[in-house]
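S.K.: Structure file protein14.cif (mmCIF, C-alpha atoms) is given on the next line.
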```
data_upload
loop_
_atom_site.label_atom_id
_atom_site.label_comp_id
_atom_site.auth_asym_id
_atom_site.auth_seq_id
_atom_site.Cartn_x
_atom_site.Cartn_y
_atom_site.Cartn_z
CA MET U 1 0.00 0.00 0.00
CA ALA U 2 1.21 3.48 -0.77
CA THR U 3 2.44 5.73 2.02
CA ILE U 4 0.37 8.75 2.87
CA VAL U 5 2.49 11.89 3.19
CA LEU U 6 0.99 14.43 5.52
CA ASN U 7 3.76 16.97 5.88
CA PRO U 8 6.02 17.19 2.87
CA PRO U 9 8.70 19.90 3.07
CA SER U 10 7.22 22.10 0.39
CA PHE U 11 4.01 22.57 2.34
CA HIS U 12 5.45 23.47 5.72
CA THR U 13 4.82 27.19 5.54
CA ALA U 14 1.21 28.26 5.50
CA PRO U 15 0.06 25.94 2.74
CA SER U 16 -3.43 27.37 2.55
CA GLU U 17 -2.11 30.87 1.86
CA ARG U 18 -0.21 29.71 -1.20
CA LEU U 19 -3.30 28.27 -2.81
CA MET U 20 -5.86 30.78 -1.66
CA GLY U 21 -4.01 34.00 -2.46
CA SER U 22 -6.23 37.04 -2.31
CA HIS U 23 -9.40 34.97 -2.35
CA ALA U 24 -8.64 33.54 1.09
CA HIS U 25 -11.62 32.37 3.03
CA PRO U 26 -11.62 33.79 6.56
CA THR U 27 -11.22 30.52 8.46
CA ALA U 28 -9.75 30.06 11.88
CA MET U 29 -7.05 27.41 12.34
CA VAL U 30 -8.80 24.16 11.51
CA ASP U 31 -7.45 20.77 12.50
CA TRP U 32 -8.29 19.06 9.24
CA SER U 33 -7.14 15.68 10.51
CA THR U 34 -10.17 15.52 12.80
CA LEU U 35 -12.54 15.77 9.85
CA SER U 36 -13.44 13.10 7.33
CA ASP U 37 -12.44 13.61 3.69
CA ALA U 38 -16.09 14.11 2.76
CA GLU U 39 -16.50 16.82 5.42
CA ILE U 40 -13.33 18.54 4.23
CA MET U 41 -14.50 18.40 0.63
CA LEU U 42 -17.84 19.92 1.56
CA ARG U 43 -15.98 22.79 3.24
CA VAL U 44 -13.84 23.15 0.12
CA SER U 45 -16.98 23.40 -1.99
CA ALA U 46 -18.13 26.11 0.40
CA GLY U 47 -14.95 28.08 -0.34
CA GLU U 48 -12.37 26.86 2.22
CA ASP U 49 -9.42 26.16 -0.08
CA ALA U 50 -7.16 25.22 2.82
CA GLY U 51 -9.08 21.97 3.02
CA PHE U 52 -8.17 21.24 -0.58
CA THR U 53 -4.50 21.75 0.23
CA TYR U 54 -4.84 19.25 3.06
CA LEU U 55 -6.44 16.69 0.71
CA LEU U 56 -3.78 17.34 -1.89
CA GLU U 57 -1.04 16.65 0.65
CA LYS U 58 -2.79 13.52 1.80
CA TYR U 59 -3.47 11.99 -1.61
CA ARG U 60 -0.67 13.36 -3.76
CA ARG U 61 1.62 10.38 -3.44
CA PRO U 62 -1.05 7.65 -3.69
CA ILE U 63 -2.48 9.24 -6.82
CA VAL U 64 0.91 9.75 -8.48
CA SER U 65 1.81 6.11 -7.69
CA PHE U 66 -1.51 4.92 -9.07
CA MET U 67 -1.07 6.93 -12.25
CA PHE U 68 2.54 5.76 -12.58
CA ARG U 69 1.42 2.13 -12.58
CA MET U 70 -1.38 2.94 -14.99
CA VAL U 71 0.88 4.60 -17.56
CA ARG U 72 4.41 3.37 -16.62
CA ASN U 73 5.95 6.79 -17.09
CA GLN U 74 6.73 9.05 -14.15
CA ALA U 75 6.51 12.37 -16.00
CA VAL U 76 3.20 11.46 -17.61
CA ALA U 77 1.95 10.06 -14.30
CA GLU U 78 2.66 13.35 -12.54
CA GLU U 79 1.02 15.33 -15.31
CA LEU U 80 -2.08 13.16 -15.09
CA ALA U 81 -2.08 13.29 -11.29
CA GLN U 82 -2.07 17.09 -11.51
CA GLU U 83 -5.00 16.87 -13.87
CA VAL U 84 -6.82 14.67 -11.34
CA PHE U 85 -6.43 17.29 -8.60
CA LEU U 86 -7.35 20.07 -10.98
CA ARG U 87 -10.54 18.26 -11.87
CA VAL U 88 -11.32 17.67 -8.21
CA TYR U 89 -10.89 21.38 -7.56
CA ARG U 90 -12.79 22.37 -10.68
CA SER U 91 -15.77 20.20 -9.83
CA ARG U 92 -15.69 20.80 -6.06
CA GLU U 93 -19.16 22.30 -6.20
CA SER U 94 -20.65 19.17 -7.72
CA TYR U 95 -19.25 16.97 -4.93
CA ARG U 96 -21.96 15.34 -2.82
CA ALA U 97 -21.19 13.70 0.51
CA GLU U 98 -22.96 10.45 -0.35
CA ALA U 99 -20.03 9.61 -2.63
CA LYS U 100 -16.94 8.75 -0.62
CA PHE U 101 -14.13 11.16 -1.44
CA THR U 102 -11.64 8.42 -2.34
CA THR U 103 -14.24 6.81 -4.62
CA TRP U 104 -14.66 10.09 -6.45
CA LEU U 105 -10.91 10.72 -6.57
CA TYR U 106 -10.05 7.29 -7.94
CA ARG U 107 -12.91 7.45 -10.43
CA ILE U 108 -11.38 10.58 -11.93
CA ALA U 109 -7.90 9.03 -11.83
CA THR U 110 -9.07 5.79 -13.44
CA ASN U 111 -10.88 7.64 -16.22
CA LEU U 112 -7.83 9.71 -17.01
CA GLY U 113 -5.46 6.75 -16.87
CA VAL U 114 -7.65 4.58 -19.08
CA ASN U 115 -8.16 7.38 -21.60
CA TYR U 116 -4.42 8.06 -21.74
CA ALA U 117 -3.67 4.35 -22.24
CA ARG U 118 -6.23 4.18 -25.05
CA ASP U 119 -4.89 7.30 -26.76
CA THR U 120 -1.27 6.15 -26.67
CA ARG U 121 -1.73 2.42 -27.21
CA TYR U 122 0.17 2.37 -30.50
CA GLU U 123 2.90 4.76 -29.38
CA ARG U 124 3.67 2.61 -26.34
CA ALA U 125 3.77 -0.56 -28.40
CA ALA U 126 6.31 1.10 -30.71
CA GLN U 127 8.55 2.08 -27.79
CA ASN U 128 9.17 -1.50 -26.62
CA ILE U 129 12.79 -2.61 -26.65
CA TYR U 130 13.45 -6.30 -27.00
CA LEU U 131 16.75 -7.31 -25.44
CA ASP U 132 17.10 -10.46 -27.51
CA GLN U 133 16.44 -8.86 -30.89
CA PRO U 134 18.72 -6.57 -32.93
CA ASP U 135 17.71 -2.96 -33.39
CA PRO U 136 16.02 -2.70 -36.81
CA GLU U 137 17.87 0.56 -37.56
CA THR U 138 21.41 -0.14 -36.30
CA GLY U 139 21.42 -3.95 -36.40
CA THR U 140 22.99 -4.11 -32.93
CA THR U 141 21.58 -5.77 -29.82
CA PRO U 142 21.24 -3.70 -26.63
CA ASP U 143 24.44 -3.74 -24.58
CA VAL U 144 23.30 -5.54 -21.46
CA ALA U 145 25.64 -8.52 -21.17
CA ASP U 146 27.84 -8.81 -18.08
CA SER U 147 29.17 -12.06 -16.62
CA ARG U 148 29.33 -10.96 -12.98
CA PRO U 149 26.87 -12.88 -10.74
CA THR U 150 25.48 -9.74 -9.07
CA ILE U 151 24.71 -8.24 -12.43
CA GLU U 152 23.12 -11.52 -13.44
CA LEU U 153 20.92 -11.43 -10.37
CA GLU U 154 20.05 -7.85 -11.11
CA MET U 155 19.10 -8.82 -14.62
CA VAL U 156 16.86 -11.61 -13.38
CA LYS U 157 15.22 -9.19 -11.01
CA ASP U 158 14.78 -6.62 -13.78
CA GLU U 159 13.35 -9.26 -16.04
CA ARG U 160 10.85 -10.24 -13.37
CA MET U 161 10.01 -6.61 -12.73
CA ASN U 162 9.46 -5.99 -16.44
CA ALA U 163 7.25 -9.05 -16.67
CA ILE U 164 5.12 -7.84 -13.77
CA ARG U 165 4.75 -4.36 -15.33
CA GLN U 166 4.12 -5.72 -18.79
CA HIS U 167 1.51 -8.27 -17.76
CA VAL U 168 -0.33 -5.89 -15.46
CA LEU U 169 -0.40 -3.32 -18.22
CA ALA U 170 -1.62 -5.94 -20.69
CA LEU U 171 -4.71 -6.69 -18.60
CA PRO U 172 -8.03 -5.37 -19.89
CA GLU U 173 -8.68 -1.80 -18.69
CA ARG U 174 -11.01 -2.50 -15.81
CA GLN U 175 -9.07 -5.52 -14.59
CA ARG U 176 -5.88 -3.45 -14.61
CA ALA U 177 -7.43 -0.60 -12.67
CA ALA U 178 -8.98 -3.05 -10.19
CA VAL U 179 -5.68 -4.86 -9.59
CA LEU U 180 -3.78 -1.60 -9.10
CA MET U 181 -6.32 -0.31 -6.62
CA HIS U 182 -6.45 -3.62 -4.77
CA LYS U 183 -2.78 -4.49 -4.73
CA TYR U 184 -1.09 -1.12 -4.48
CA GLN U 185 -3.68 1.32 -3.15
CA GLY U 186 -4.89 -0.99 -0.39
CA MET U 187 -8.54 -0.75 -1.42
CA ASP U 188 -10.96 -3.63 -0.86
CA TYR U 189 -13.20 -4.97 -3.60
CA LYS U 190 -16.23 -3.07 -2.25
CA GLN U 191 -14.46 0.28 -2.66
CA ILE U 192 -13.15 -0.77 -6.06
CA GLY U 193 -16.67 -1.68 -7.12
CA GLU U 194 -17.86 1.80 -6.19
CA VAL U 195 -15.09 3.40 -8.23
CA LEU U 196 -15.74 1.22 -11.26
CA LYS U 197 -19.52 1.33 -10.79
CA LEU U 198 -19.75 -2.44 -10.47
CA SER U 199 -21.56 -4.70 -8.02
CA GLU U 200 -19.53 -6.39 -5.28
CA SER U 201 -19.82 -9.82 -6.87
CA ALA U 202 -18.87 -8.46 -10.30
CA THR U 203 -15.83 -6.71 -8.81
CA LYS U 204 -14.77 -9.84 -6.97
CA SER U 205 -15.06 -11.84 -10.16
CA LEU U 206 -13.19 -9.17 -12.16
CA LEU U 207 -10.32 -9.12 -9.66
CA PHE U 208 -10.13 -12.87 -9.45
CA ARG U 209 -9.96 -13.20 -13.24
CA ALA U 210 -7.17 -10.63 -13.31
CA TYR U 211 -5.13 -12.47 -10.66
CA GLN U 212 -5.73 -15.78 -12.41
CA THR U 213 -4.36 -14.28 -15.64
CA LEU U 214 -1.33 -12.87 -13.82
CA ARG U 215 -0.73 -16.17 -12.06
CA GLU U 216 -0.72 -17.94 -15.41
CA ARG U 217 1.54 -15.40 -17.13
CA LEU U 218 3.97 -15.00 -14.24
CA LYS U 219 4.08 -18.69 -13.40
CA ASP U 220 7.71 -19.12 -14.47
CA PHE U 221 8.87 -16.21 -12.36
CA VAL U 222 6.98 -17.44 -9.31
CA ALA U 223 8.52 -20.89 -9.66
CA LYS U 224 12.00 -19.38 -10.11
CA ASP U 225 11.46 -17.10 -7.14
CA GLU U 226 10.43 -20.00 -4.95
CA SER U 227 13.41 -22.13 -5.99
CA ASP U 228 15.76 -19.22 -5.20
CA LYS U 229 14.47 -18.98 -1.64
CA MET Z 1 -11.66 -19.56 -4.61
CA ALA Z 2 -12.27 -15.85 -5.21
CA ASP Z 3 -13.47 -15.47 -1.62
CA LEU Z 4 -10.47 -17.34 -0.28
CA LEU Z 5 -8.19 -14.91 -2.04
CA LEU Z 6 -10.08 -11.64 -1.75
CA ASP Z 7 -12.45 -11.99 1.17
CA PRO Z 8 -11.28 -14.78 3.50
CA GLN Z 9 -13.80 -13.81 6.19
CA ALA Z 10 -16.67 -14.69 3.86
CA VAL Z 11 -15.42 -18.26 3.32
CA SER Z 12 -17.63 -20.96 4.82
CA THR Z 13 -16.36 -23.83 6.95
CA GLU Z 14 -17.33 -26.24 4.19
CA GLU Z 15 -15.14 -24.42 1.66
CA ARG Z 16 -12.26 -24.38 4.10
CA ARG Z 17 -12.64 -28.10 4.62
CA HIS Z 18 -12.62 -28.64 0.86
CA LEU Z 19 -9.46 -26.60 0.53
CA ALA Z 20 -7.76 -28.70 3.21
CA GLU Z 21 -8.66 -31.87 1.31
CA CYS Z 22 -8.16 -30.72 -2.31
CA ALA Z 23 -4.51 -30.54 -3.23
CA GLU Z 24 -5.21 -28.87 -6.57
CA CYS Z 25 -7.21 -26.01 -5.04
CA GLU Z 26 -4.61 -25.61 -2.33
CA ARG Z 27 -1.85 -25.34 -4.94
CA GLU Z 28 -3.83 -22.85 -7.01
CA LEU Z 29 -4.47 -20.66 -3.98
CA ALA Z 30 -0.80 -20.81 -3.00
CA GLU Z 31 0.27 -19.78 -6.52
CA LEU Z 32 -2.18 -16.90 -6.53
CA ARG Z 33 -0.83 -15.68 -3.19
CA GLN Z 34 2.76 -16.04 -4.37
CA THR Z 35 1.95 -14.04 -7.50
CA MET Z 36 0.41 -11.29 -5.41
CA GLU Z 37 3.39 -11.33 -3.10
CA MET Z 38 5.80 -11.08 -6.01
CA MET Z 39 3.95 -8.05 -7.28
CA ASP Z 40 5.06 -6.15 -4.17
CA GLU Z 41 8.42 -5.68 -5.91
CA TRP Z 42 6.88 -3.06 -8.16
CA VAL Z 43 7.61 0.12 -6.25
CA ALA Z 44 6.59 3.53 -7.56
CA PRO Z 45 9.26 6.26 -7.59
CA GLU Z 46 9.13 9.30 -5.33
CA VAL Z 47 7.11 12.28 -6.42
CA ASN Z 48 9.05 15.01 -8.19
CA PRO Z 49 9.78 17.93 -5.79
CA PHE Z 50 8.44 20.36 -8.39
CA PHE Z 51 5.11 18.61 -8.47
CA ASP Z 52 3.53 20.89 -5.86
CA ALA Z 53 4.86 24.09 -7.36
CA LYS Z 54 3.53 23.18 -10.80
CA LEU Z 55 0.18 22.11 -9.46
CA LEU Z 56 -0.25 25.20 -7.29
CA ALA Z 57 0.57 27.41 -10.27
CA ARG Z 58 -2.08 25.62 -12.31
CA LEU Z 59 -4.55 25.90 -9.45
CA ARG Z 60 -3.94 29.64 -9.13
CA ALA Z 61 -4.51 30.02 -12.84
CA GLU Z 62 -7.67 27.97 -12.37
CA GLN Z 63 -8.86 30.30 -9.61
CA GLN Z 64 -8.27 33.36 -11.73
CA GLY Z 65 -9.90 31.84 -14.80
CA GLN Z 66 -13.56 31.64 -15.65
CA PRO Z 67 -15.74 29.38 -13.50
CA ALA Z 68 -16.76 26.12 -15.11
CA GLY Z 69 -19.76 26.42 -17.40
CA PHE Z 70 -23.02 24.59 -16.90
CA LEU Z 71 -22.23 21.90 -19.46
CA GLU Z 72 -18.79 21.27 -17.97
CA ARG Z 73 -20.24 20.91 -14.49
CA LEU Z 74 -22.97 18.62 -15.78
CA LYS Z 75 -20.39 16.48 -17.56
CA ALA Z 76 -18.23 16.24 -14.43
CA ARG Z 77 -21.24 15.27 -12.37
CA TRP Z 78 -22.25 12.66 -14.91
CA MET Z 79 -18.77 11.13 -15.18
CA TYR Z 80 -17.53 11.27 -11.62
CA GLY Z 81 -20.65 11.66 -9.52
CA SER Z 82 -22.11 8.94 -7.39
CA ASN Z 83 -23.63 6.08 -9.35
CA PHE Z 84 -26.44 5.79 -6.81
CA ARG Z 85 -28.02 8.99 -8.07
CA MET Z 86 -27.43 8.29 -11.71
CA GLN Z 87 -28.65 4.71 -11.87
CA PRO Z 88 -32.39 5.36 -11.32
CA LEU Z 89 -32.18 8.33 -13.67
CA MET Z 90 -30.52 6.26 -16.37
CA ALA Z 91 -32.93 3.37 -15.84
CA GLY Z 92 -35.90 5.76 -16.15
CA ALA Z 93 -34.50 7.34 -19.30
CA LEU Z 94 -33.81 3.92 -20.81
CA ALA Z 95 -37.32 2.69 -19.96
CA THR Z 96 -38.87 5.80 -21.55
CA ILE Z 97 -36.78 5.35 -24.70
CA LEU Z 98 -37.74 1.67 -24.89
CA VAL Z 99 -41.47 2.40 -24.44
CA LEU Z 100 -41.41 5.18 -27.03
CA SER Z 101 -39.37 3.28 -29.57
CA GLY Z 102 -41.45 0.10 -28.98
CA GLY Z 103 -44.68 2.04 -29.49
CA ALA Z 104 -43.36 3.68 -32.63
CA TYR Z 105 -42.25 0.32 -33.99
CA ALA Z 106 -45.62 -1.32 -33.23
CA ASP Z 107 -47.47 1.57 -34.91
CA LEU Z 108 -45.27 1.37 -37.98
CA ALA Z 109 -45.65 -2.40 -38.18
CA TRP Z 110 -49.46 -2.10 -37.94
CA GLN Z 111 -49.54 0.55 -40.64
CA HIS Z 112 -47.22 -1.49 -42.81
CA ALA Z 113 -49.40 -4.59 -42.54
CA HIS Z 114 -52.55 -2.65 -43.47
CA GLN Z 115 -50.88 -0.85 -46.33
CA PHE Z 116 -50.29 -4.20 -48.03
CA GLN Z 117 -53.97 -5.17 -47.98
CA GLU Z 118 -55.12 -1.79 -49.23
CA SER Z 119 -52.55 -1.65 -51.98
CA ALA Z 120 -53.61 -5.08 -53.30
CA THR Z 121 -57.25 -4.00 -53.44
CA VAL Z 122 -56.40 -0.73 -55.04
CA ARG Z 123 -54.23 -2.51 -57.56
CA ASP Z 124 -57.11 -4.82 -58.50
CA LEU Z 125 -59.48 -1.91 -58.90
CA GLN Z 126 -56.92 -0.01 -60.95
CA SER Z 127 -56.47 -3.09 -63.11
CA LEU Z 128 -60.23 -3.36 -63.66
CA ASP Z 129 -60.39 0.34 -64.50
CA GLY Z 130 -57.57 -0.17 -66.94
CA ASN Z 131 -59.32 -3.14 -68.54
CA GLU Z 132 -62.52 -1.16 -68.93
CA GLN Z 133 -60.62 1.60 -70.68
CA VAL Z 134 -58.97 -0.92 -72.98
CA PHE Z 135 -62.35 -2.49 -73.84
CA GLN Z 136 -63.79 0.95 -74.55
CA GLN Z 137 -60.84 1.74 -76.80
CA LEU Z 138 -61.24 -1.60 -78.61
CA ASP Z 139 -64.97 -0.97 -79.07
CA THR Z 140 -64.20 2.43 -80.51
CA VAL Z 141 -61.66 0.90 -82.90
CA ASP Z 142 -64.17 -1.80 -83.94
CA GLN Z 143 -66.88 0.78 -84.53
CA THR Z 144 -64.49 2.88 -86.60
CA VAL Z 145 -63.48 -0.12 -88.67
CA ASP Z 146 -67.12 -1.15 -89.22
CA GLN Z 147 -67.99 2.39 -90.23
CA GLN Z 148 -65.13 2.48 -92.73
CA ASP Z 149 -66.16 -0.92 -94.12
CA GLN Z 150 -69.76 0.25 -94.51
CA ASP Z 151 -68.64 3.46 -96.19
CA SER Z 152 -66.38 1.65 -98.62
CA GLY Z 153 -69.09 -1.01 -99.35
CA ALA Z 154 -71.70 1.63 -100.03
CA SER Z 155 -69.43 3.52 -102.40
CA SER Z 156 -68.44 0.38 -104.41
CA SER Z 157 -72.02 -0.98 -104.76
CA SER Z 158 -73.68 2.29 -105.79
CA PRO Z 159 -74.19 2.63 -109.60
CA THR Z 160 -72.37 5.26 -111.48
CA ASN Z 161 -74.46 7.67 -113.45
CA ASP Z 162 -71.75 8.69 -115.84
#
```
Show me this structure written as structure tokens.
M.R.:
Amino acid sequence: MATIVLNPPSFHTAPSERLMGSHAHPTAMVDWSTLSDAEIMLRVSAGEDAGFTYLLEKYRRPIVSFMFRMVRNQAVAEELAQEVFLRVYRSRESYRAEAKFTTWLYRIATNLGVNYARDTRYERAAQNIYLDQPDPETGTTPDVADSRPTIELEMVKDERMNAIRQHVLALPERQRAAVLMHKYQGMDYKQIGEVLKLSESATKSLLFRAYQTLRERLKDFVAKDESDK
Amino acid sequence: MADLLLDPQAVSTEERRHLAECAECERELAELRQTMEMMDEWVAPEVNPFFDAKLLARLRAEQQGQPAGFLERLKARWMYGSNFRMQPLMAGALATILVLSGGAYADLAWQHAHQFQESATVRDLQSLDGNEQVFQQLDTVDQTVDQQDQDSGASSSSPTND
């Protein structure tokens, strides 16, 4: 599960002032940690921007991590994460407390991630580098060979890591989003169902199918991992 | 199996007993858990320190810009709002569309079926009308021919007084 960062260095000095500027809402010092996310969001929709800054600090890292795993590119992930927060801020007035804040947040993030993946499907496929095949332009294979055992171990680890990334990314859109939320965002299938607008049983089935696929595709790595232990 | 992996508390005693006795299920569950465990290796990098500065700049620009229009707000509400509010609305809209389109289809089908009967009758009547006209034309032709024959007969049989 991703770590929640409450006090990053860049927000230490009067965070609410930076965001609010001259439109500052006249609020007394509020201990935002005593309020639920939904309560904070309702206060944001009423004009208390400091609450938004608190939510931004709380969910910045989880959302960037989620987007990173959705798109596999840190710069793009950060750009999309910024867009998520912008959309939250932009539609703060349409927020209703019956929707859990994280559900709303991850729904926006999932939509953006899925749309980005759809838009760049062909570009990403073209960027793949195959270590065992010569470059079609230069005719040379990537320079990765090294006989030292530590390097070899590193390579095995990298290979496993690449396989995990590749096979998670290759899952159908909703399965991928569900796995990322379940495995890395620490959400249970009920929350995931709310984000994806699916019933609990449908979400459970979706997640299980995704893990079954991953188990099948990563079987060799699991077996190797077990024999190494 | 899905419950065993995703919601162990919901698993019944019977299912647990089956798992203890079925080596295949036990192996499958173990492999699924190992796969999930292996996935922990995928760690996301730290957030760029300029992330906040960039976002705050964009937020300030957002504050100074125009407020979102009605359509934009409606779209956001539709896409990201709670599904509990939207589901009855969508179901109602769908039901209305189905009723209207079903009614329109039934009406068209009824009209279509009746048009066939009428057109056949009309065609028969038109055919009879056409026949009558043909008979009249033929009668006229016959009368004309008879008249010509009579005229020519009368002229040939009449004596010349030259």
S.K.: With a cut-off of 6 Å and counting all atoms listed in the file, select all residues of chain U in contact with chain Z and give the selection as a list in words.
M.R.: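 Per the criterion, chain U yields Ser65, Gln82, Ala99, Phe208 and Arg215 of chain U.
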S.K.: Work out how far CA of Val195 (chain U) is from CA of Ala97 (chain U), in Å to one decimal.
M.R.: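 Computing it gives 14.8 Å between the two atoms.
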S.K.: Need the axis-aligned box for region 169-178 of chain U with 3 Å each side, so what are the centre and edges in Å to one decimal, as JSON?
M.R.:
```
{"center_x": -5.7, "center_y": -3.6, "center_z": -15.4, "size_x": 16.6, "size_y": 12.1, "size_z": 16.5}
```
S.K.: Give me, please, the distance in Å between CA of Thr53 (chain U) and CA of Trp32 (chain U), quoted to one decimal.
M.R.: 10.1 Å
S.K.: One number please: CA of Val99 (chain Z) to CA of Gln111 (chain Z), in Å, one decimal.
M.R.: 18.2 Å
S.K.: Name every residue that the PyMOL selection byres ((chain U and resi 173) around 12) selects in this structure, writing the answer as a VMD selection string with chains first and numbers rising.
M.R.: chain U and resid 70 to 71 110 to 118 121 168 to 172 174 to 180 196 206 to 207 210
S.K.: Residues near Leu42 (chain U), anyone? I mean within 9 Å using all atoms listed in the file, not counting same-chain ones fewer than 5 positions away, as a PyMOL selection string.
M.R.: chain U and resi 37+47-48+92-93+95-97
S.K.: Given the PyMOL selection byres ((chain U and resi 60) around 9) and the file above, list the residues it selects as a PDB file with C-alpha atoms, in the frame of the given file.
M.R.:
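Contents of selection-v1.pdb, freshly written:
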```pdb
ATOM      1  CA  ILE U   4       0.370   8.750   2.870  1.00  0.00           C
ATOM      2  CA  VAL U   5       2.490  11.890   3.190  1.00  0.00           C
ATOM      3  CA  LEU U  55      -6.440  16.690   0.710  1.00  0.00           C
ATOM      4  CA  LEU U  56      -3.780  17.340  -1.890  1.00  0.00           C
ATOM      5  CA  GLU U  57      -1.040  16.650   0.650  1.00  0.00           C
ATOM      6  CA  LYS U  58      -2.790  13.520   1.800  1.00  0.00           C
ATOM      7  CA  TYR U  59      -3.470  11.990  -1.610  1.00  0.00           C
ATOM      8  CA  ARG U  61       1.620  10.380  -3.440  1.00  0.00           C
ATOM      9  CA  PRO U  62      -1.050   7.650  -3.690  1.00  0.00           C
ATOM     10  CA  ILE U  63      -2.480   9.240  -6.820  1.00  0.00           C
ATOM     11  CA  VAL U  64       0.910   9.750  -8.480  1.00  0.00           C
ATOM     12  CA  SER U  65       1.810   6.110  -7.690  1.00  0.00           C
ATOM     13  CA  ALA U  81      -2.080  13.290 -11.290  1.00  0.00           C
ATOM     14  CA  GLN U  82      -2.070  17.090 -11.510  1.00  0.00           C
ATOM     15  CA  PHE U  85      -6.430  17.290  -8.600  1.00  0.00           C
TER      16      PHE U  85
ATOM     17  CA  VAL Z  47       7.110  12.280  -6.420  1.00  0.00           C
ATOM     18  CA  ASP Z  52       3.530  20.890  -5.860  1.00  0.00           C
TER      19      ASP Z  52
END
```
